[in-house]
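Below is one structure, written out as structure tokens; the observations come after it.
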Amino acid sequence: MSSDPKSPSSADSFDVIVIGAGPAGYPAAIRAAQNKLSVACIDEWKNHDGTATFGGTCLNAGCIPSKALLESTELYHRAHEEFAVHGIKLEGIGLDLAQMQKRKSGIVRAMTQGIVALFKAAGVTGLHGHGRLLPGRKVEFTAHDGSRRTLSARHVVLASGSAPMPLSSTPFKPPHIVDSWGALEFEAVPKRLGVIGCGVIGLELGSVWRRLGSEVVIIEALPDFLAFADQQLAREALRQFKKQGLDIRTGAKVSGATVSGNAVEVTYSDAKGEQRVSVERLVVAIGRRPYTKDLFAPDTGVQLDERGFIKVDEHCRTGVENVWAIGDCVRGPMLAHKGKEEGVMVADLIAARYGEMNYKVIPFVIYTAPEIAWVGLTEEQVKASGRDYKTGTFPFLASGRARALEQTQGFAKIVAARNDDEILGVHIVGPFAGELIAEAVLAMEYSASSEDLQRTIHAHPTLAEAVHEAALSVDKRSIDSINR
Ligand code: FAD
Ligand code: NAI
């Protein structure tokens, strides 16, 4: 696929070439085109069926398909477990996994084709194939049919993303030992599913298959559950996941896995010694690493840090004139929205416009049930910084809307500075936490105090009132819960 550039000086020369059309690269390309620059965006992604698409990990094998399955499986689970409480009688609820997967694929197809339409409307030249930066801002482009040509640009943006981290003791062996992409494409519900790594993928995909009936065992190396999150929030989340039947084993070091027939035997050691668990499928989800294979020639001057990330400054400049890098291939959290904002910032800076990223207020969301979301510092981080602080919490049990939804687990929590009341962190575990956190992000972006939130009118009855009441609770002025 290719569409015409806005104002190319020649077919192979552009103001901006973006390598990678994931959630970092494609917004960079679109914003650059909006800034009246001629733009090409190159991407080599191929799906398992061989189709070449834009959208990167996020749209094809990450955020979007995982959320589609999380939604379907949550509905299935609720139809089984919760509808009766609402007085809804259902008989013969059945699972049609093929249809569930088909719906997921349809969403992915619509979203990835949407990028083709967005490129066309913006005047971005989309190119399917491999891009490799050469010295002097030349880019060698190898199309999927093997044909090769050299493009040139005033600016090049590297947005090559990341790939699953392999575990040397437990190499991928599809279909038995798979990465997250494989775990999104199971054609049957595994009777027993093992996951190595209790991070975001372990929890989200563990939840998907648990809801469909798998016995799910998650093996985590660290002793603490969700060690990077606020620990009050982590404790509540763990309680809920255990109730759902997720078998989470922390402080466990995997030593290997062998496949025999349809079984995977996993061995690990924990405080009690050597352990064994037998599963039908094993997902390795121990993090992702930057992907820069054959992305640039050695003499371009682009440098990698010791962990393989492309070295950049706070504005995503690589240090090589007019070469930028954004998204998962550079430092910072590996999140689609972080990459998107970097892409927009870079495209605006290239056009000599204002561009800035506020790395302190990037929201994190885990799309389990209950959802988990936060922004800013955890209580533990604030305590460690030595800054005096106060906290306020509000339980969803006291929310009329949460009761109506029959989803009363969890709470909203705000950490604010004691001296000037500035909001330092907001942590939510509960229904639609991922939507609720947007208010906290905006508040923190504007350096709001908890009193600013206290004095903001929230509609009743909404889940957002939990954030309002948590802010009131910071000063022990909650109306709808007992102030402690
Ligand atoms: P990518 O999306 O990886 O895109 C990079 C693109 O560059 C790819 O298409 C690749 O083929 C292409 N490419 C690489 N090298 C070259 C080259 N030399 N030439 C041409 N093309 C090249 N994040 C969230 O914020 N929310 C979520 O809910 C979420 N869920 C996730 C669920 C899963 C299962 C996974 C695996 C990830 C999830 N993520 C989520 C993370 C998110 O997918 C990444 O942070 C995001 O995709 C990074 O965007 P990117 O553009 O930097 O890289
Ligand atoms: P992760 O970093 O979230 O979690 C990996 C977990 O594996 C950690 O808890 C780590 O301690 C553990 N681990 C590492 N080595 C181990 C070992 N040898 N044995 C056992 N446990 C081990 O990484 P994950 O879940 O693979 O996801 C990758 C990235 O994708 C995330 O960091 C996130 O950036 C992104 N993502 C975001 C989502 C979202 O925003 N909702 C959803 C899914 C992924």
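Chain labels follow the order of the structure tokens: the first chain is A, the next B, and so on; residue numbering restarts at 1 in every chain, and ligands are counted from 1 in their shown order.
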
Please report as CSV every residue of chain A lying within 7 Å of ligand 1, along with the nearest atom pair and their distance in Å (one decimal), using only C-alpha atoms and all ligand atoms.
```
residue,atom,partner,partner_atom_place_in_ligand_line,distance
A:Ile19,CA,ligand 1,20 (C),5.3
A:Gly20,CA,ligand 1,7 (O),3.3
A:Ala21,CA,ligand 1,6 (C),5.1
A:Gly22,CA,ligand 1,51 (O),3.3
A:Pro23,CA,ligand 1,51 (O),4.1
A:Ala24,CA,ligand 1,51 (O),3.7
A:Gly25,CA,ligand 1,51 (O),5.2
A:Ile42,CA,ligand 1,20 (C),5.2
A:Asp43,CA,ligand 1,21 (N),3.5
A:Glu44,CA,ligand 1,21 (N),4.1
A:Trp45,CA,ligand 1,11 (O),3.7
A:Phe54,CA,ligand 1,9 (O),6.2
A:Gly55,CA,ligand 1,9 (O),6.0
A:Gly56,CA,ligand 1,9 (O),3.1
A:Thr57,CA,ligand 1,2 (O),3.7
A:Cys58,CA,ligand 1,43 (O),3.5
A:Ala61,CA,ligand 1,34 (C),6.1
A:Gly62,CA,ligand 1,33 (C),3.3
A:Cys63,CA,ligand 1,30 (N),3.3
A:Ile64,CA,ligand 1,28 (O),7.0
A:Ser66,CA,ligand 1,32 (C),5.8
A:Lys67,CA,ligand 1,28 (O),6.8
A:Gly129,CA,ligand 1,20 (C),5.7
A:His130,CA,ligand 1,19 (N),3.7
A:Gly131,CA,ligand 1,19 (N),3.8
A:Arg132,CA,ligand 1,18 (N),5.5
A:Ala159,CA,ligand 1,52 (O),5.4
A:Ser160,CA,ligand 1,14 (C),3.6
A:Gly161,CA,ligand 1,53 (O),3.1
A:Ser162,CA,ligand 1,3 (O),4.8
A:Ala163,CA,ligand 1,3 (O),6.9
A:Ser180,CA,ligand 1,34 (C),5.1
A:Trp181,CA,ligand 1,34 (C),6.3
A:Ile201,CA,ligand 1,34 (C),5.8
A:Tyr291,CA,ligand 1,14 (C),6.6
A:Thr292,CA,ligand 1,15 (N),6.1
A:Lys293,CA,ligand 1,18 (N),6.7
A:Asp294,CA,ligand 1,18 (N),6.0
A:Leu295,CA,ligand 1,18 (N),4.3
A:Ile326,CA,ligand 1,52 (O),6.4
A:Gly327,CA,ligand 1,52 (O),3.4
A:Asp328,CA,ligand 1,52 (O),3.9
A:Cys329,CA,ligand 1,52 (O),6.0
A:Met334,CA,ligand 1,45 (O),4.1
A:Leu335,CA,ligand 1,45 (O),3.4
A:Ala336,CA,ligand 1,25 (O),3.7
A:His337,CA,ligand 1,25 (O),5.3
A:Gly339,CA,ligand 1,52 (O),5.4
A:Tyr367,CA,ligand 1,28 (O),7.0
```

Could you tell me, counting only C-alpha atoms and all ligand atoms, which protein and nucleic acid residues lie no more than 7 Å from ligand 2, written as a PyMOL selection string?
chain A and resi 62-63+164+167+196-202+204+219-222+226+252-254+285-288+333-335+364-367

Mind checking which residues fall within 12 Å of Asp12 of chain A, counting only C-alpha atoms, ignoring those fewer than 6 positions away in the same chain, and posting them as a ChimeraX atom specification?
/A:4-5,38-40,125,127,138-141,148-154

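Comparing the minimum interatomic distances between Ala404 of chain A and each of A:Ala79, A:Asp15, A:Leu463, A:Met100, counting only C-alpha atoms, we find that A:Leu463 sits nearest.
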
Using only C-alpha atoms, which residues sit within 10 Å of Leu377 of chain A once same-chain residues fewer than 2 positions away are excluded, as a PyMOL selection string?
chain A and resi 229-230+360-361+374-375+379-383+414-416+423-427

Extract, using only C-alpha atoms, all DNA, RNA and protein residues at most 9 Å from Glu342 of chain A, discarding same-chain residues fewer than 6 positions from it, and format them as JSON, numbers by chain.
{"A": [24, 28, 315, 316, 325, 326, 327, 355, 356, 357]}

Secondary structure check, helix (DSSP H, G or I) residues of segment 63-180 of chain A, as a compact mmCIF listing (two decimals) with all heavy atoms, in the first residue's frame:
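Everything below was put into part.txt:
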```
# COMPACT_ATOMS: atom_id res chain seq x y z
N CYS A 63 -2.34 -4.11 22.92
CA CYS A 63 -3.43 -3.39 23.59
C CYS A 63 -4.81 -3.80 23.06
O CYS A 63 -5.71 -4.14 23.83
CB CYS A 63 -3.32 -1.88 23.40
SG CYS A 63 -1.66 -1.23 23.34
N ILE A 64 -4.98 -3.75 21.75
CA ILE A 64 -6.33 -3.88 21.18
C ILE A 64 -6.86 -5.31 21.25
O ILE A 64 -7.94 -5.54 21.81
CB ILE A 64 -6.36 -3.29 19.75
CG1 ILE A 64 -5.98 -1.79 19.80
CG2 ILE A 64 -7.73 -3.49 19.09
CD1 ILE A 64 -6.83 -0.93 20.74
N PRO A 65 -6.13 -6.32 20.74
CA PRO A 65 -6.70 -7.68 20.87
C PRO A 65 -6.85 -8.12 22.31
O PRO A 65 -7.80 -8.83 22.65
CB PRO A 65 -5.69 -8.56 20.12
CG PRO A 65 -4.45 -7.74 19.97
CD PRO A 65 -4.89 -6.32 19.96
N SER A 66 -5.93 -7.68 23.20
CA SER A 66 -6.07 -8.12 24.60
C SER A 66 -7.31 -7.49 25.23
O SER A 66 -8.03 -8.15 25.97
CB SER A 66 -4.81 -7.80 25.41
OG SER A 66 -4.54 -6.42 25.43
N LYS A 67 -7.58 -6.23 24.90
CA LYS A 67 -8.77 -5.60 25.49
C LYS A 67 -10.06 -6.19 24.93
O LYS A 67 -11.06 -6.30 25.62
CB LYS A 67 -8.74 -4.08 25.28
CG LYS A 67 -8.12 -3.34 26.46
CD LYS A 67 -6.61 -3.39 26.49
CE LYS A 67 -5.99 -4.23 27.54
NZ LYS A 67 -4.51 -4.25 27.49
N ALA A 68 -10.02 -6.58 23.65
CA ALA A 68 -11.20 -7.22 23.05
C ALA A 68 -11.51 -8.51 23.81
O ALA A 68 -12.66 -8.77 24.18
CB ALA A 68 -10.96 -7.50 21.57
N LEU A 69 -10.48 -9.33 24.06
CA LEU A 69 -10.71 -10.60 24.77
C LEU A 69 -11.06 -10.37 26.23
O LEU A 69 -11.86 -11.10 26.81
CB LEU A 69 -9.48 -11.51 24.65
CG LEU A 69 -9.24 -12.15 23.29
CD1 LEU A 69 -8.06 -13.11 23.36
CD2 LEU A 69 -10.48 -12.89 22.77
N LEU A 70 -10.45 -9.35 26.84
CA LEU A 70 -10.78 -9.05 28.25
C LEU A 70 -12.27 -8.70 28.37
O LEU A 70 -12.95 -9.13 29.30
CB LEU A 70 -9.90 -7.92 28.78
CG LEU A 70 -8.51 -8.37 29.25
CD1 LEU A 70 -7.52 -7.22 29.23
CD2 LEU A 70 -8.58 -9.00 30.64
N GLU A 71 -12.77 -7.93 27.42
CA GLU A 71 -14.18 -7.53 27.47
C GLU A 71 -15.10 -8.73 27.28
O GLU A 71 -16.04 -8.94 28.06
CB GLU A 71 -14.45 -6.47 26.38
CG GLU A 71 -15.78 -5.77 26.49
CD GLU A 71 -15.97 -5.02 27.80
OE1 GLU A 71 -14.99 -4.46 28.33
OE2 GLU A 71 -17.11 -5.01 28.31
N SER A 72 -14.82 -9.54 26.25
CA SER A 72 -15.69 -10.70 25.97
C SER A 72 -15.69 -11.67 27.15
O SER A 72 -16.75 -12.17 27.56
CB SER A 72 -15.20 -11.45 24.73
OG SER A 72 -15.26 -10.63 23.60
N THR A 73 -14.51 -11.93 27.68
CA THR A 73 -14.44 -12.95 28.75
C THR A 73 -15.05 -12.43 30.05
O THR A 73 -15.61 -13.18 30.81
CB THR A 73 -12.98 -13.39 29.00
OG1 THR A 73 -12.18 -12.24 29.31
CG2 THR A 73 -12.41 -14.09 27.77
N GLU A 74 -14.96 -11.11 30.27
CA GLU A 74 -15.58 -10.54 31.46
C GLU A 74 -17.11 -10.66 31.36
O GLU A 74 -17.79 -11.00 32.33
CB GLU A 74 -15.15 -9.07 31.63
CG GLU A 74 -15.77 -8.32 32.79
CD GLU A 74 -15.45 -8.89 34.17
OE1 GLU A 74 -14.68 -9.84 34.28
OE2 GLU A 74 -16.05 -8.38 35.15
N LEU A 75 -17.64 -10.42 30.16
CA LEU A 75 -19.09 -10.57 29.96
C LEU A 75 -19.52 -12.01 30.21
O LEU A 75 -20.53 -12.28 30.85
CB LEU A 75 -19.48 -10.14 28.55
CG LEU A 75 -19.52 -8.64 28.27
CD1 LEU A 75 -19.86 -8.38 26.82
CD2 LEU A 75 -20.54 -7.96 29.18
N TYR A 76 -18.71 -12.95 29.69
CA TYR A 76 -19.00 -14.38 29.85
C TYR A 76 -19.02 -14.73 31.34
O TYR A 76 -19.95 -15.36 31.85
CB TYR A 76 -17.93 -15.18 29.11
CG TYR A 76 -18.05 -16.67 29.24
CD1 TYR A 76 -19.03 -17.37 28.55
CD2 TYR A 76 -17.17 -17.39 30.05
CE1 TYR A 76 -19.14 -18.75 28.65
CE2 TYR A 76 -17.28 -18.77 30.16
CZ TYR A 76 -18.25 -19.44 29.47
OH TYR A 76 -18.36 -20.81 29.58
N HIS A 77 -17.99 -14.24 32.04
CA HIS A 77 -17.87 -14.51 33.47
C HIS A 77 -19.07 -13.91 34.23
O HIS A 77 -19.66 -14.57 35.09
CB HIS A 77 -16.56 -13.90 33.99
CG HIS A 77 -16.43 -13.89 35.46
ND1 HIS A 77 -16.08 -15.02 36.18
CD2 HIS A 77 -16.62 -12.91 36.37
CE1 HIS A 77 -16.06 -14.73 37.46
NE2 HIS A 77 -16.39 -13.45 37.61
N ARG A 78 -19.42 -12.69 33.88
CA ARG A 78 -20.51 -12.04 34.61
C ARG A 78 -21.86 -12.69 34.32
O ARG A 78 -22.72 -12.78 35.19
CB ARG A 78 -20.54 -10.54 34.29
CG ARG A 78 -19.28 -9.86 34.87
CD ARG A 78 -19.24 -8.40 34.57
NE ARG A 78 -20.27 -7.71 35.27
CZ ARG A 78 -20.63 -6.46 34.99
NH1 ARG A 78 -20.03 -5.81 34.03
NH2 ARG A 78 -21.57 -5.87 35.68
N ALA A 79 -22.01 -13.14 33.07
CA ALA A 79 -23.26 -13.85 32.75
C ALA A 79 -23.41 -15.08 33.65
O ALA A 79 -24.49 -15.38 34.14
CB ALA A 79 -23.25 -14.25 31.28
N HIS A 80 -22.28 -15.74 33.90
CA HIS A 80 -22.30 -16.92 34.77
C HIS A 80 -22.49 -16.57 36.23
O HIS A 80 -23.26 -17.19 36.94
CB HIS A 80 -20.96 -17.68 34.65
CG HIS A 80 -20.97 -18.72 33.60
ND1 HIS A 80 -21.62 -19.91 33.75
CD2 HIS A 80 -20.42 -18.75 32.37
CE1 HIS A 80 -21.47 -20.64 32.67
NE2 HIS A 80 -20.74 -19.95 31.81
N GLU A 81 -21.71 -15.58 36.69
CA GLU A 81 -21.58 -15.35 38.14
C GLU A 81 -22.45 -14.23 38.69
O GLU A 81 -22.76 -14.22 39.87
CB GLU A 81 -20.11 -15.03 38.48
CG GLU A 81 -19.10 -16.05 38.01
CD GLU A 81 -19.22 -17.37 38.77
OE1 GLU A 81 -19.58 -17.33 39.96
OE2 GLU A 81 -18.96 -18.42 38.15
N PHE A 83 -25.20 -12.26 36.80
CA PHE A 83 -26.51 -11.86 36.28
C PHE A 83 -27.65 -12.29 37.21
O PHE A 83 -28.64 -11.58 37.35
CB PHE A 83 -26.73 -12.43 34.87
CG PHE A 83 -26.06 -11.62 33.79
CD1 PHE A 83 -25.02 -10.74 34.10
CD2 PHE A 83 -26.46 -11.72 32.47
CE1 PHE A 83 -24.38 -10.00 33.11
CE2 PHE A 83 -25.84 -10.96 31.47
CZ PHE A 83 -24.81 -10.11 31.79
N ALA A 84 -27.50 -13.46 37.84
CA ALA A 84 -28.55 -13.96 38.72
C ALA A 84 -28.84 -12.96 39.83
O ALA A 84 -30.00 -12.76 40.23
CB ALA A 84 -28.16 -15.30 39.29
N VAL A 85 -27.81 -12.29 40.34
CA VAL A 85 -27.99 -11.30 41.42
C VAL A 85 -28.85 -10.13 40.92
O VAL A 85 -29.62 -9.54 41.67
CB VAL A 85 -26.61 -10.75 41.89
CG1 VAL A 85 -26.76 -9.77 43.03
CG2 VAL A 85 -25.70 -11.90 42.28
N HIS A 86 -28.74 -9.83 39.64
CA HIS A 86 -29.55 -8.75 39.05
C HIS A 86 -30.99 -9.22 38.78
O HIS A 86 -31.82 -8.43 38.34
CB HIS A 86 -28.95 -8.29 37.72
CG HIS A 86 -27.68 -7.50 37.84
ND1 HIS A 86 -27.67 -6.13 37.95
CD2 HIS A 86 -26.39 -7.88 37.87
CE1 HIS A 86 -26.41 -5.70 38.02
NE2 HIS A 86 -25.61 -6.75 37.98
N LEU A 97 -15.67 -19.94 21.40
CA LEU A 97 -14.35 -19.29 21.40
C LEU A 97 -13.98 -18.81 19.99
O LEU A 97 -13.37 -17.74 19.82
CB LEU A 97 -13.29 -20.24 21.95
CG LEU A 97 -11.87 -19.67 22.06
CD1 LEU A 97 -11.82 -18.41 22.91
CD2 LEU A 97 -10.90 -20.72 22.60
N ALA A 98 -14.39 -19.60 18.98
CA ALA A 98 -14.07 -19.20 17.60
C ALA A 98 -14.70 -17.85 17.29
O ALA A 98 -14.07 -16.98 16.68
CB ALA A 98 -14.55 -20.27 16.63
N GLN A 99 -15.94 -17.64 17.73
CA GLN A 99 -16.62 -16.36 17.50
C GLN A 99 -15.94 -15.24 18.29
O GLN A 99 -15.78 -14.12 17.82
CB GLN A 99 -18.11 -16.49 17.87
CG GLN A 99 -18.88 -15.18 17.99
CD GLN A 99 -18.83 -14.32 16.71
OE1 GLN A 99 -18.62 -14.85 15.61
NE2 GLN A 99 -18.99 -13.01 16.88
N MET A 100 -15.53 -15.57 19.53
CA MET A 100 -14.84 -14.57 20.37
C MET A 100 -13.55 -14.11 19.68
O MET A 100 -13.25 -12.93 19.62
CB MET A 100 -14.53 -15.21 21.73
CG MET A 100 -14.52 -14.25 22.89
SD MET A 100 -14.25 -15.12 24.45
CE MET A 100 -15.90 -15.22 25.09
N GLN A 101 -12.81 -15.08 19.14
CA GLN A 101 -11.56 -14.76 18.45
C GLN A 101 -11.84 -14.01 17.15
O GLN A 101 -11.09 -13.11 16.76
CB GLN A 101 -10.76 -16.04 18.16
CG GLN A 101 -10.23 -16.74 19.42
CD GLN A 101 -9.04 -15.98 20.04
OE1 GLN A 101 -8.87 -14.79 19.84
NE2 GLN A 101 -8.23 -16.69 20.80
N LYS A 102 -12.96 -14.37 16.49
CA LYS A 102 -13.31 -13.71 15.24
C LYS A 102 -13.64 -12.24 15.50
O LYS A 102 -13.24 -11.34 14.75
CB LYS A 102 -14.52 -14.44 14.64
CG LYS A 102 -14.82 -14.08 13.22
CD LYS A 102 -15.89 -15.01 12.66
CE LYS A 102 -16.64 -14.26 11.56
NZ LYS A 102 -17.96 -14.78 11.33
N ARG A 103 -14.38 -11.99 16.59
CA ARG A 103 -14.72 -10.60 16.95
C ARG A 103 -13.44 -9.81 17.20
O ARG A 103 -13.26 -8.70 16.72
CB ARG A 103 -15.61 -10.59 18.20
CG ARG A 103 -16.16 -9.21 18.55
CD ARG A 103 -16.85 -9.21 19.91
NE ARG A 103 -15.91 -8.86 20.97
CZ ARG A 103 -15.78 -7.65 21.50
NH1 ARG A 103 -16.54 -6.66 21.09
NH2 ARG A 103 -14.90 -7.41 22.45
N LYS A 104 -12.53 -10.44 17.96
CA LYS A 104 -11.25 -9.79 18.26
C LYS A 104 -10.50 -9.44 16.97
O LYS A 104 -10.05 -8.30 16.78
CB LYS A 104 -10.39 -10.74 19.11
CG LYS A 104 -9.01 -10.23 19.41
CD LYS A 104 -8.04 -11.37 19.74
CE LYS A 104 -7.62 -12.10 18.49
NZ LYS A 104 -6.71 -13.22 18.74
N SER A 105 -10.43 -10.40 16.06
CA SER A 105 -9.70 -10.17 14.80
C SER A 105 -10.38 -9.07 13.98
O SER A 105 -9.70 -8.28 13.31
CB SER A 105 -9.66 -11.45 13.96
OG SER A 105 -9.09 -12.47 14.71
N GLY A 106 -11.70 -9.03 14.03
CA GLY A 106 -12.44 -7.99 13.30
C GLY A 106 -12.10 -6.60 13.83
O GLY A 106 -11.94 -5.64 13.06
N ILE A 107 -11.98 -6.50 15.15
CA ILE A 107 -11.64 -5.20 15.76
C ILE A 107 -10.23 -4.79 15.33
O ILE A 107 -9.98 -3.66 14.94
CB ILE A 107 -11.75 -5.29 17.30
CG1 ILE A 107 -13.21 -5.50 17.72
CG2 ILE A 107 -11.18 -4.04 17.96
CD1 ILE A 107 -13.41 -5.87 19.17
N VAL A 108 -9.31 -5.76 15.38
CA VAL A 108 -7.92 -5.48 14.98
C VAL A 108 -7.89 -5.03 13.52
O VAL A 108 -7.24 -4.03 13.18
CB VAL A 108 -7.04 -6.73 15.21
CG1 VAL A 108 -5.68 -6.57 14.55
CG2 VAL A 108 -6.87 -7.00 16.70
N ARG A 109 -8.63 -5.74 12.67
CA ARG A 109 -8.64 -5.41 11.24
C ARG A 109 -9.17 -3.99 11.03
O ARG A 109 -8.58 -3.17 10.32
CB ARG A 109 -9.50 -6.41 10.47
CG ARG A 109 -9.17 -6.49 9.00
CD ARG A 109 -9.93 -7.60 8.28
NE ARG A 109 -9.98 -8.86 8.99
CZ ARG A 109 -11.07 -9.40 9.55
NH1 ARG A 109 -12.23 -8.80 9.46
NH2 ARG A 109 -11.00 -10.54 10.21
N ALA A 110 -10.27 -3.67 11.70
CA ALA A 110 -10.87 -2.34 11.53
C ALA A 110 -9.90 -1.25 11.99
O ALA A 110 -9.76 -0.20 11.33
CB ALA A 110 -12.17 -2.26 12.33
N MET A 111 -9.23 -1.50 13.11
CA MET A 111 -8.33 -0.48 13.66
C MET A 111 -7.08 -0.30 12.78
O MET A 111 -6.62 0.81 12.55
CB MET A 111 -7.88 -0.84 15.08
CG MET A 111 -9.00 -0.96 16.09
SD MET A 111 -9.82 0.58 16.49
CE MET A 111 -8.56 1.47 17.33
N THR A 112 -6.53 -1.41 12.28
CA THR A 112 -5.31 -1.29 11.46
C THR A 112 -5.65 -0.68 10.10
O THR A 112 -4.88 0.13 9.57
CB THR A 112 -4.60 -2.65 11.29
OG1 THR A 112 -5.53 -3.60 10.80
CG2 THR A 112 -4.03 -3.14 12.60
N GLN A 113 -6.82 -1.05 9.56
CA GLN A 113 -7.22 -0.43 8.28
C GLN A 113 -7.52 1.05 8.49
O GLN A 113 -7.35 1.87 7.58
CB GLN A 113 -8.42 -1.16 7.69
CG GLN A 113 -7.98 -2.48 7.06
CD GLN A 113 -9.15 -3.34 6.60
OE1 GLN A 113 -10.31 -2.99 6.78
NE2 GLN A 113 -8.84 -4.49 6.04
N GLY A 114 -7.93 1.38 9.71
CA GLY A 114 -8.17 2.79 10.04
C GLY A 114 -6.91 3.62 9.86
O GLY A 114 -6.97 4.78 9.42
N ILE A 115 -5.76 3.02 10.16
CA ILE A 115 -4.50 3.78 9.99
C ILE A 115 -4.24 4.06 8.51
O ILE A 115 -3.80 5.15 8.15
CB ILE A 115 -3.32 3.04 10.64
CG1 ILE A 115 -3.56 2.90 12.14
CG2 ILE A 115 -2.01 3.78 10.38
CD1 ILE A 115 -2.48 2.17 12.88
N VAL A 116 -4.56 3.09 7.67
CA VAL A 116 -4.40 3.31 6.21
C VAL A 116 -5.24 4.52 5.80
O VAL A 116 -4.77 5.41 5.08
CB VAL A 116 -4.83 2.04 5.42
CG1 VAL A 116 -4.77 2.30 3.92
CG2 VAL A 116 -3.96 0.85 5.79
N ALA A 117 -6.47 4.57 6.31
CA ALA A 117 -7.36 5.69 5.97
C ALA A 117 -6.82 7.01 6.54
O ALA A 117 -6.87 8.05 5.88
CB ALA A 117 -8.76 5.40 6.50
N LEU A 118 -6.30 6.95 7.77
CA LEU A 118 -5.76 8.17 8.40
C LEU A 118 -4.54 8.67 7.61
O LEU A 118 -4.38 9.88 7.40
CB LEU A 118 -5.36 7.90 9.85
CG LEU A 118 -6.52 7.64 10.82
CD1 LEU A 118 -5.98 7.22 12.19
CD2 LEU A 118 -7.41 8.87 10.96
N PHE A 119 -3.68 7.73 7.18
CA PHE A 119 -2.50 8.12 6.38
C PHE A 119 -2.95 8.78 5.08
O PHE A 119 -2.41 9.81 4.67
CB PHE A 119 -1.65 6.88 6.06
CG PHE A 119 -0.67 6.48 7.16
CD1 PHE A 119 0.17 5.39 6.99
CD2 PHE A 119 -0.57 7.21 8.33
CE1 PHE A 119 1.08 5.02 7.98
CE2 PHE A 119 0.33 6.84 9.33
CZ PHE A 119 1.15 5.74 9.15
N LYS A 120 -3.95 8.18 4.47
CA LYS A 120 -4.42 8.70 3.18
C LYS A 120 -4.95 10.12 3.38
O LYS A 120 -4.61 11.04 2.62
CB LYS A 120 -5.51 7.78 2.66
CG LYS A 120 -5.76 7.96 1.21
CD LYS A 120 -6.46 6.76 0.59
CE LYS A 120 -6.69 7.10 -0.88
NZ LYS A 120 -8.00 6.75 -1.32
N ALA A 121 -5.78 10.29 4.41
CA ALA A 121 -6.39 11.61 4.65
C ALA A 121 -5.33 12.66 4.96
O ALA A 121 -5.45 13.83 4.57
CB ALA A 121 -7.40 11.50 5.78
N ALA A 122 -4.29 12.25 5.70
CA ALA A 122 -3.26 13.22 6.11
C ALA A 122 -2.22 13.43 5.02
O ALA A 122 -1.46 14.39 5.06
CB ALA A 122 -2.58 12.74 7.40
N SER A 180 3.11 -13.44 24.51
CA SER A 180 1.76 -12.89 24.70
C SER A 180 0.93 -12.97 23.42
O SER A 180 -0.29 -13.17 23.47
CB SER A 180 1.84 -11.45 25.19
OG SER A 180 2.64 -10.68 24.32
```

Can you tell me how far atom CA of Ala471 of chain A sits from atom CA of Thr368 of chain A, in Å to one decimal?
24.5 Å

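Computed from the coordinates, the atom CA of Gly386 of chain A to atom CA of Asn419 of chain A distance equals 12.6 Å.
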
A straight line from atom CA of Glu306 of chain A to atom CA of Ser168 of chain A spans 19.0 Å

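For the choices A:Glu82, A:Glu236, A:Glu215, A:Glu321, the atom-to-atom distance to Gly430 of chain A is smallest for A:Glu236 when using only C-alpha atoms.
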
Can you pull out every residue from segment 357-391 of chain A that DSSP, working from the backbone, puts in strand (DSSP E), and format the result as a ChimeraX atom specification?
/A:364-366,371-376,389-391

Take the residues from that selection and write them out as a PDB file, in the first residue's frame, keeping C-alpha atoms.
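Printed below is out38.pdb as written:
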```pdb
ATOM      1  CA  PHE A 364      -0.707   3.224  34.104  1.00  0.00           C
ATOM      2  CA  VAL A 365      -3.738   0.972  33.671  1.00  0.00           C
ATOM      3  CA  ILE A 366      -4.099  -2.788  34.133  1.00  0.00           C
ATOM      4  CA  GLU A 371      -9.196  -2.519  36.966  1.00  0.00           C
ATOM      5  CA  ILE A 372      -6.034  -1.039  38.400  1.00  0.00           C
ATOM      6  CA  ALA A 373      -4.876   2.475  37.504  1.00  0.00           C
ATOM      7  CA  TRP A 374      -2.513   5.038  38.853  1.00  0.00           C
ATOM      8  CA  VAL A 375      -0.590   8.191  38.094  1.00  0.00           C
ATOM      9  CA  GLY A 376       2.278   9.868  39.890  1.00  0.00           C
ATOM     10  CA  TYR A 389       2.285  13.833  53.061  1.00  0.00           C
ATOM     11  CA  LYS A 390      -1.338  12.995  53.768  1.00  0.00           C
ATOM     12  CA  THR A 391      -3.608  10.396  52.142  1.00  0.00           C
TER      13      THR A 391
END
```

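The closest residue to Val302 of chain A, picked from A:Leu442, A:Val467, A:Leu397, A:Leu158 and counting only C-alpha atoms, is A:Leu158.
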
When distances are computed from only C-alpha atoms, which of A:Phe432, A:Phe228, A:Tyr359, A:Phe14 shows the smallest separation from Phe396 of chain A?
A:Phe432

So which residues touch Thr462 of chain A within 9 Å, counting only C-alpha atoms, skipping near sequence neighbours fewer than 5 positions away, as a PyMOL selection string?
chain A and resi 399-402

Just want the 8 Å neighbourhood of Val323 of chain A, counted on only C-alpha atoms, with same-chain residues fewer than 6 positions away dropped. Output as a ChimeraX atom specification.
/A:137,155-158,317

Using only C-alpha atoms for the distances, tell me which of A:Ala347, A:Ala464, A:Ala297, A:Lys338 is nearest to Gly136 of chain A.
A:Ala297
